[in-house]
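Visitor: Hey, dropping entry-v4.cif in here, mmCIF, C-alpha atoms:
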data_structure
loop_
_atom_site.group_PDB
_atom_site.id
_atom_site.type_symbol
_atom_site.label_atom_id
_atom_site.label_comp_id
_atom_site.auth_asym_id
_atom_site.auth_seq_id
_atom_site.Cartn_x
_atom_site.Cartn_y
_atom_site.Cartn_z
ATOM 1 C CA MET P 691 77.345 114.256 69.505
ATOM 2 C CA SER P 692 75.998 116.536 66.861
ATOM 3 C CA ASP P 693 78.106 119.495 65.769
ATOM 4 C CA LYS P 694 74.981 121.674 65.490
ATOM 5 C CA ILE P 695 73.263 122.079 68.828
ATOM 6 C CA ASP P 696 70.713 124.685 69.798
ATOM 7 C CA TYR P 697 72.421 125.734 73.017
ATOM 8 C CA SER P 698 69.333 127.453 74.413
ATOM 9 C CA GLU P 699 67.235 124.291 73.943
ATOM 10 C CA LEU P 700 70.010 122.163 75.418
ATOM 11 C CA ILE P 701 69.998 124.246 78.606
ATOM 12 C CA LYS P 702 66.201 124.288 78.804
ATOM 13 C CA ASN P 703 65.944 120.511 78.373
ATOM 14 C CA ARG P 704 68.623 119.466 80.876
ATOM 15 C CA ARG P 705 67.288 117.998 84.100
ATOM 16 C CA SER P 706 68.736 116.158 87.060
ATOM 17 C CA ILE P 707 67.788 112.528 86.464
ATOM 18 C CA ARG P 708 67.433 110.225 89.460
ATOM 19 C CA ALA P 709 66.613 106.932 87.731
ATOM 20 C CA TYR P 710 68.959 104.846 85.574
ATOM 21 C CA ASP P 711 68.671 101.686 83.527
ATOM 22 C CA PRO P 712 71.585 99.503 84.720
ATOM 23 C CA ASP P 713 71.482 97.430 81.528
ATOM 24 C CA LYS P 714 72.084 100.379 79.191
ATOM 25 C CA VAL P 715 75.760 101.247 79.275
ATOM 26 C CA VAL P 716 77.162 104.411 77.757
ATOM 27 C CA ALA P 717 79.458 103.780 74.802
ATOM 28 C CA PRO P 718 83.140 104.399 75.651
ATOM 29 C CA GLU P 719 83.490 106.922 72.813
ATOM 30 C CA LEU P 720 80.622 109.007 74.269
ATOM 31 C CA LEU P 721 82.198 108.884 77.730
ATOM 32 C CA LYS P 722 85.462 110.086 76.190
ATOM 33 C CA GLN P 723 83.668 112.978 74.426
ATOM 34 C CA ILE P 724 82.125 114.005 77.744
ATOM 35 C CA LEU P 725 85.511 113.989 79.468
ATOM 36 C CA GLU P 726 87.014 115.970 76.591
ATOM 37 C CA ALA P 727 84.381 118.669 77.167
ATOM 38 C CA GLY P 728 85.729 119.027 80.708
ATOM 39 C CA ILE P 729 89.288 119.215 79.419
ATOM 40 C CA LEU P 730 88.260 122.034 77.048
ATOM 41 C CA ALA P 731 86.564 124.052 79.807
ATOM 42 C CA PRO P 732 88.066 127.462 80.553
ATOM 43 C CA THR P 733 90.041 127.779 83.783
ATOM 44 C CA ALA P 734 91.741 130.720 85.428
ATOM 45 C CA LYS P 735 95.032 131.421 83.642
ATOM 46 C CA ASN P 736 94.436 128.121 81.778
ATOM 47 C CA LEU P 737 96.080 126.220 84.642
ATOM 48 C CA GLN P 738 93.580 123.344 84.338
ATOM 49 C CA PRO P 739 93.809 122.327 88.010
ATOM 50 C CA GLY P 740 91.215 119.562 87.820
ATOM 51 C CA ARG P 741 91.138 115.897 87.084
ATOM 52 C CA PHE P 742 88.344 113.418 86.542
ATOM 53 C CA ILE P 743 87.715 109.907 87.776
ATOM 54 C CA LEU P 744 85.312 107.894 85.653
ATOM 55 C CA VAL P 745 84.053 104.723 87.304
ATOM 56 C CA THR P 746 82.433 102.046 85.127
ATOM 57 C CA ASP P 747 83.537 98.869 86.936
ATOM 58 C CA ARG P 748 80.487 97.410 88.725
ATOM 59 C CA LYS P 749 82.344 96.518 91.920
ATOM 60 C CA LYS P 750 83.893 99.990 92.118
ATOM 61 C CA LEU P 751 80.518 101.620 91.314
ATOM 62 C CA ASP P 752 78.966 99.798 94.266
ATOM 63 C CA GLU P 753 81.748 101.111 96.496
ATOM 64 C CA VAL P 754 81.336 104.688 95.245
ATOM 65 C CA CYS P 755 77.584 104.495 95.840
ATOM 66 C CA THR P 756 78.207 103.912 99.554
ATOM 67 C CA ALA P 757 79.439 107.517 99.706
ATOM 68 C CA TYR P 758 76.005 108.832 98.733
ATOM 69 C CA GLY P 759 73.442 106.414 100.123
ATOM 70 C CA ARG P 760 70.578 106.890 97.665
ATOM 71 C CA ASP P 761 69.281 103.710 96.061
ATOM 72 C CA TRP P 762 68.644 105.271 92.656
ATOM 73 C CA LEU P 763 72.379 105.887 92.141
ATOM 74 C CA LYS P 764 73.132 102.156 92.379
ATOM 75 C CA ASN P 765 71.691 101.604 88.890
ATOM 76 C CA ALA P 766 73.948 104.109 87.134
ATOM 77 C CA PRO P 767 76.334 102.397 84.704
ATOM 78 C CA ALA P 768 78.983 105.107 85.203
ATOM 79 C CA ILE P 769 79.845 107.755 87.766
ATOM 80 C CA LEU P 770 82.076 110.755 87.097
ATOM 81 C CA ILE P 771 83.945 112.507 89.914
ATOM 82 C CA VAL P 772 85.559 115.937 89.459
ATOM 83 C CA LEU P 773 88.410 116.913 91.758
ATOM 84 C CA GLY P 774 91.565 118.981 91.937
ATOM 85 C CA ASN P 775 94.279 120.469 94.074
ATOM 86 C CA HIS P 776 94.245 124.044 95.381
ATOM 87 C CA GLN P 777 98.014 124.222 94.841
ATOM 88 C CA ASP P 778 97.484 123.761 91.090
ATOM 89 C CA ALA P 779 94.942 126.585 90.721
ATOM 90 C CA TRP P 780 95.382 130.292 90.082
ATOM 91 C CA VAL P 781 95.529 132.493 93.159
ATOM 92 C CA ARG P 782 94.621 136.186 93.036
ATOM 93 C CA SER P 783 97.617 138.161 94.275
ATOM 94 C CA TYR P 784 95.926 140.895 96.294
ATOM 95 C CA ASP P 785 93.642 138.766 98.484
ATOM 96 C CA GLY P 786 94.656 135.120 98.052
ATOM 97 C CA PHE P 787 91.412 134.026 96.377
ATOM 98 C CA ASN P 788 91.898 130.525 94.926
ATOM 99 C CA SER P 789 90.011 129.695 91.701
ATOM 100 C CA LEU P 790 89.914 125.899 92.122
ATOM 101 C CA GLN P 791 86.240 125.529 92.995
ATOM 102 C CA ILE P 792 85.159 127.805 90.159
ATOM 103 C CA ASP P 793 87.426 126.014 87.674
ATOM 104 C CA LEU P 794 86.130 122.577 88.709
ATOM 105 C CA THR P 795 82.528 123.775 88.567
ATOM 106 C CA ILE P 796 83.000 125.032 85.009
ATOM 107 C CA MET P 797 84.565 121.703 84.033
ATOM 108 C CA MET P 798 81.650 119.788 85.550
ATOM 109 C CA ASP P 799 79.108 122.031 83.846
ATOM 110 C CA HIS P 800 80.775 121.520 80.460
ATOM 111 C CA MET P 801 80.649 117.749 80.923
ATOM 112 C CA ILE P 802 77.032 117.731 82.077
ATOM 113 C CA LEU P 803 75.985 119.785 79.058
ATOM 114 C CA ALA P 804 78.034 117.545 76.740
ATOM 115 C CA ALA P 805 76.250 114.552 78.239
ATOM 116 C CA GLU P 806 72.863 116.186 77.675
ATOM 117 C CA ALA P 807 73.782 116.908 74.064
ATOM 118 C CA ALA P 808 74.582 113.196 73.631
ATOM 119 C CA GLY P 809 71.306 112.106 75.242
ATOM 120 C CA ILE P 810 73.017 110.913 78.419
ATOM 121 C CA ALA P 811 71.386 111.652 81.769
ATOM 122 C CA THR P 812 73.203 113.254 84.716
ATOM 123 C CA CYS P 813 72.544 114.514 88.227
ATOM 124 C CA TRP P 814 74.948 116.908 89.918
ATOM 125 C CA ILE P 815 75.746 115.484 93.372
ATOM 126 C CA CYS P 816 77.604 117.295 96.144
ATOM 127 C CA ALA P 817 75.925 115.591 99.142
ATOM 128 C CA PHE P 818 78.399 112.710 99.321
ATOM 129 C CA ASP P 819 80.456 111.449 102.245
ATOM 130 C CA GLU P 820 83.886 112.795 101.370
ATOM 131 C CA LYS P 821 85.753 110.395 103.675
ATOM 132 C CA VAL P 822 84.090 107.361 102.114
ATOM 133 C CA LEU P 823 84.764 108.594 98.577
ATOM 134 C CA ARG P 824 88.415 109.288 99.409
ATOM 135 C CA GLN P 825 88.857 105.823 100.870
ATOM 136 C CA LYS P 826 87.038 103.956 98.075
ATOM 137 C CA LEU P 827 88.906 105.787 95.287
ATOM 138 C CA ASP P 828 92.224 106.353 97.056
ATOM 139 C CA ILE P 829 91.956 110.150 96.750
ATOM 140 C CA ALA P 830 94.678 112.126 98.503
ATOM 141 C CA GLU P 831 93.766 114.414 101.399
ATOM 142 C CA ASP P 832 95.128 117.467 99.563
ATOM 143 C CA GLU P 833 92.647 117.028 96.703
ATOM 144 C CA PHE P 834 89.330 118.857 96.808
ATOM 145 C CA ILE P 835 86.403 116.730 95.622
ATOM 146 C CA CYS P 836 83.996 119.109 93.900
ATOM 147 C CA ALA P 837 81.115 116.953 92.721
ATOM 148 C CA MET P 838 80.063 113.743 91.078
ATOM 149 C CA THR P 839 77.419 112.734 88.594
ATOM 150 C CA PRO P 840 76.023 109.489 87.287
ATOM 151 C CA LEU P 841 76.177 109.028 83.516
ATOM 152 C CA GLY P 842 73.591 106.784 81.945
ATOM 153 C CA TYR P 843 70.162 106.408 80.441
ATOM 154 C CA PRO P 844 66.882 106.604 82.326
ATOM 155 C CA PRO P 845 64.465 103.660 82.178
ATOM 156 C CA GLU P 846 62.142 103.546 79.141
ATOM 157 C CA ASP P 847 59.126 104.693 81.182
ATOM 158 C CA TYR P 848 60.936 107.597 82.858
ATOM 159 C CA VAL P 849 59.238 110.976 82.450
ATOM 160 C CA LYS P 850 61.388 114.092 82.801
ATOM 161 C CA ARG P 851 59.864 116.516 85.232
ATOM 162 C CA GLN P 852 58.985 120.023 84.151
ATOM 163 C CA MET P 853 61.471 122.829 84.591
ATOM 164 C CA PRO P 854 61.299 123.879 88.234
ATOM 165 C CA LEU P 855 60.109 127.392 88.961
ATOM 166 C CA ARG P 856 62.874 129.855 88.148
ATOM 167 C CA LYS P 857 63.322 133.425 89.323
ATOM 168 C CA THR P 858 62.361 136.055 86.777
ATOM 169 C CA PHE P 859 64.842 137.736 84.482
ATOM 170 C CA GLU P 860 64.368 140.971 86.426
ATOM 171 C CA GLU P 861 65.147 139.230 89.738
ATOM 172 C CA MET P 862 68.340 137.713 88.413
ATOM 173 C CA ALA P 863 69.777 140.204 85.931
ATOM 174 C CA THR P 864 70.826 143.829 86.198
ATOM 175 C CA ILE P 865 71.646 145.653 82.995
ATOM 176 C CA LEU P 866 73.517 148.916 83.343
ATOM 177 C CA ASP P 867 73.293 150.931 80.151
#
Would you mind writing the structure in this file as structure tokens?

Guide:
Amino acid sequence: MSDKIDYSELIKNRRSIRAYDPDKVVAPELLKQILEAGILAPTAKNLQPGRFILVTDRKKLDEVCTAYGRDWLKNAPAILIVLGNHQDAWVRSYDGFNSLQIDLTIMMDHMILAAEAAGIATCWICAFDEKVLRQKLDIAEDEFICAMTPLGYPPEDYVKRQMPLRKTFEEMATILD
């Protein structure tokens, strides 16, 4: 990954990719850089309550894909799963709010943006069958599975779709000055 990245362009260019070339594997050093981005993500009180499962073994990938059921995922050369335990996360004292889901989401976002910076395609997936994923990856019942994403390269003829319609700045942002 380049040390100099135009962050604004990176965000504007990122898309959810739903087509992967199964013959183009992601280099192990790039996968490690992506995981390191998740490790560096900020978490409440720096408790770092998450962990990551990276699946690159073809047999295991096929098993993980049964938890989602979309054919396009079957071609991904790697799948990343982000999970953690509520007991490991910060809890706000006055109302019991647990930061796990926010912490895991920030970790996932860091890794997806690191992948984009390295030219690796992703697609944030939450619509998986949790029971199947737990069984296939031997994930304990007390762990919360936040999301998963394929990591790979789209086919040569793949065309990224345009940025979907976004709400306006005025609809999304309030500035009090």

Visitor: Name every residue that the PyMOL selection byres ((chain P and resi 737-748) around 9) selects in this structure, writing the answer as a ChimeraX atom specification with chains first and numbers rising.

Guide: /P:715,721,725,728-729,731-736,749-754,766-780,790,793-794,797,827

Visitor: State, in Å with one decimal place, the distance from CA of Thr795 (chain P) to CA of Arg705 (chain P).

Guide: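 So the answer is 16.9 Å.
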
Visitor: Counting all atoms listed in the file, which residues come within 12 Å of (73.2, 109.0, 100.5), with the point read in the file's coordinates, and could you list them as an MDAnalysis selection string?

Guide: chainID P and resid 754:764 815:820 822:823

Visitor: Evaluate the PyMOL selection byres ((chain P and resi 808) around 9) against this structure - the residues, as a PyMOL selection string, please.

Guide: chain P and resi 691-692+720+724+803-807+809-811

Visitor: What is the distance, in Å and to one decimal place, between CA of Asn703 (chain P) and CA of Met853 (chain P)?

Guide: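 Separation between CA of Asn703 (chain P) and CA of Met853 (chain P): 8.0 Å.
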
Visitor: If I take CA of Ile707 (chain P) and CA of Cys813 (chain P), how far is one from the other in Å, to one decimal?

Guide: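 If I compute the distance from CA of Ile707 (chain P) to CA of Cys813 (chain P), I get 5.4 Å.
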
Visitor: For Arg704 (chain P), which residue out of P:Ile802, P:Leu866, P:Leu841, P:Ile829 is the nearest one, using only C-alpha atoms?

Guide: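 Answer, going by the shortest atom-to-atom distance: P:Ile802.
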
Visitor: Spell out the residues picked by the PyMOL selection byres ((chain P and resi 712) around 7) here, as a list in words.

Guide: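 Checked against the file, the PyMOL selection byres ((chain P and resi 712) around 7) matches Tyr710, Asp711, Asp713, Lys714, Asn765, Ala766 and Pro767 of chain P.
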
Visitor: Can I get the selection written as a short mmCIF file (atom, residue, chain, number, x, y, z; two decimals), in the frame of the given file, with C-alpha atoms?

Guide:
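Generated output (result_28.cif):
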data_model
loop_
_atom_site.label_atom_id
_atom_site.label_comp_id
_atom_site.auth_asym_id
_atom_site.auth_seq_id
_atom_site.Cartn_x
_atom_site.Cartn_y
_atom_site.Cartn_z
CA TYR P 710 68.96 104.85 85.57
CA ASP P 711 68.67 101.69 83.53
CA ASP P 713 71.48 97.43 81.53
CA LYS P 714 72.08 100.38 79.19
CA ASN P 765 71.69 101.60 88.89
CA ALA P 766 73.95 104.11 87.13
CA PRO P 767 76.33 102.40 84.70
#

Visitor: Please complete region 807-843 of chain P so it has N, CA and C atoms, and hand it over as a compact mmCIF listing (two decimals), in the frame of the given file.

Guide:
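Writing done, so here's result19.txt:
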# COMPACT_ATOMS: atom_id res chain seq x y z
N ALA P 807 73.77 116.83 75.53
CA ALA P 807 73.78 116.91 74.06
C ALA P 807 73.85 115.52 73.44
N ALA P 808 74.45 114.57 74.14
CA ALA P 808 74.58 113.20 73.63
C ALA P 808 73.42 112.31 74.07
N GLY P 809 72.45 112.89 74.78
CA GLY P 809 71.31 112.11 75.24
C GLY P 809 71.58 111.28 76.48
N ILE P 810 72.63 111.65 77.21
CA ILE P 810 73.02 110.91 78.42
C ILE P 810 72.58 111.71 79.64
N ALA P 811 71.93 111.02 80.57
CA ALA P 811 71.39 111.65 81.77
C ALA P 811 72.47 111.86 82.82
N THR P 812 72.28 112.91 83.63
CA THR P 812 73.20 113.25 84.72
C THR P 812 72.42 113.76 85.91
N CYS P 813 73.11 113.87 87.04
CA CYS P 813 72.54 114.51 88.23
C CYS P 813 73.71 115.00 89.07
N TRP P 814 73.85 116.30 89.17
CA TRP P 814 74.95 116.91 89.92
C TRP P 814 74.79 116.54 91.39
N ILE P 815 75.81 115.92 91.98
CA ILE P 815 75.75 115.48 93.37
C ILE P 815 76.92 116.08 94.15
N CYS P 816 76.59 116.79 95.22
CA CYS P 816 77.60 117.30 96.14
C CYS P 816 77.40 116.73 97.55
N ALA P 817 76.27 116.09 97.80
CA ALA P 817 75.92 115.59 99.14
C ALA P 817 76.48 114.19 99.38
N PHE P 818 77.76 114.02 99.14
CA PHE P 818 78.40 112.71 99.32
C PHE P 818 79.26 112.74 100.59
N ASP P 819 79.57 111.58 101.10
CA ASP P 819 80.46 111.45 102.24
C ASP P 819 81.89 111.47 101.71
N GLU P 820 82.55 112.58 101.92
CA GLU P 820 83.89 112.80 101.37
C GLU P 820 84.88 111.74 101.86
N LYS P 821 84.81 111.39 103.12
CA LYS P 821 85.75 110.40 103.68
C LYS P 821 85.59 109.05 103.00
N VAL P 822 84.34 108.65 102.78
CA VAL P 822 84.09 107.36 102.11
C VAL P 822 84.61 107.40 100.68
N LEU P 823 84.31 108.47 99.97
CA LEU P 823 84.76 108.59 98.58
C LEU P 823 86.30 108.57 98.49
N ARG P 824 86.94 109.29 99.38
CA ARG P 824 88.42 109.29 99.41
C ARG P 824 88.96 107.88 99.60
N GLN P 825 88.38 107.16 100.55
CA GLN P 825 88.86 105.82 100.87
C GLN P 825 88.60 104.85 99.73
N LYS P 826 87.41 104.90 99.13
CA LYS P 826 87.04 103.96 98.08
C LYS P 826 87.82 104.19 96.79
N LEU P 827 88.21 105.46 96.53
CA LEU P 827 88.91 105.79 95.29
C LEU P 827 90.37 106.18 95.50
N ASP P 828 90.83 106.04 96.73
CA ASP P 828 92.22 106.35 97.06
C ASP P 828 92.58 107.78 96.63
N ILE P 829 91.76 108.73 97.07
CA ILE P 829 91.96 110.15 96.75
C ILE P 829 92.75 110.80 97.88
N ALA P 830 93.80 111.49 97.52
CA ALA P 830 94.68 112.13 98.50
C ALA P 830 93.95 113.21 99.29
N GLU P 831 94.38 113.42 100.52
CA GLU P 831 93.77 114.41 101.40
C GLU P 831 93.90 115.84 100.87
N ASP P 832 94.94 116.10 100.06
CA ASP P 832 95.13 117.47 99.56
C ASP P 832 94.31 117.76 98.31
N GLU P 833 93.52 116.79 97.86
CA GLU P 833 92.65 117.03 96.70
C GLU P 833 91.25 117.40 97.17
N PHE P 834 90.69 118.41 96.54
CA PHE P 834 89.33 118.86 96.81
C PHE P 834 88.38 118.11 95.87
N ILE P 835 87.40 117.43 96.43
CA ILE P 835 86.40 116.73 95.62
C ILE P 835 85.23 117.68 95.43
N CYS P 836 85.02 118.11 94.21
CA CYS P 836 84.00 119.11 93.90
C CYS P 836 82.60 118.50 93.82
N ALA P 837 82.45 117.50 92.97
CA ALA P 837 81.11 116.95 92.72
C ALA P 837 81.25 115.63 91.98
N MET P 838 80.12 114.94 91.90
CA MET P 838 80.06 113.74 91.08
C MET P 838 78.72 113.70 90.38
N THR P 839 78.67 112.92 89.31
CA THR P 839 77.42 112.73 88.59
C THR P 839 77.37 111.33 88.01
N PRO P 840 76.19 110.72 88.05
CA PRO P 840 76.02 109.49 87.29
C PRO P 840 75.96 109.85 85.81
N LEU P 841 76.31 108.90 84.97
CA LEU P 841 76.18 109.03 83.52
C LEU P 841 75.48 107.77 83.03
N GLY P 842 74.33 107.95 82.41
CA GLY P 842 73.59 106.78 81.94
C GLY P 842 72.31 107.18 81.24
N TYR P 843 71.44 106.20 81.11
CA TYR P 843 70.16 106.41 80.44
C TYR P 843 69.04 106.08 81.42
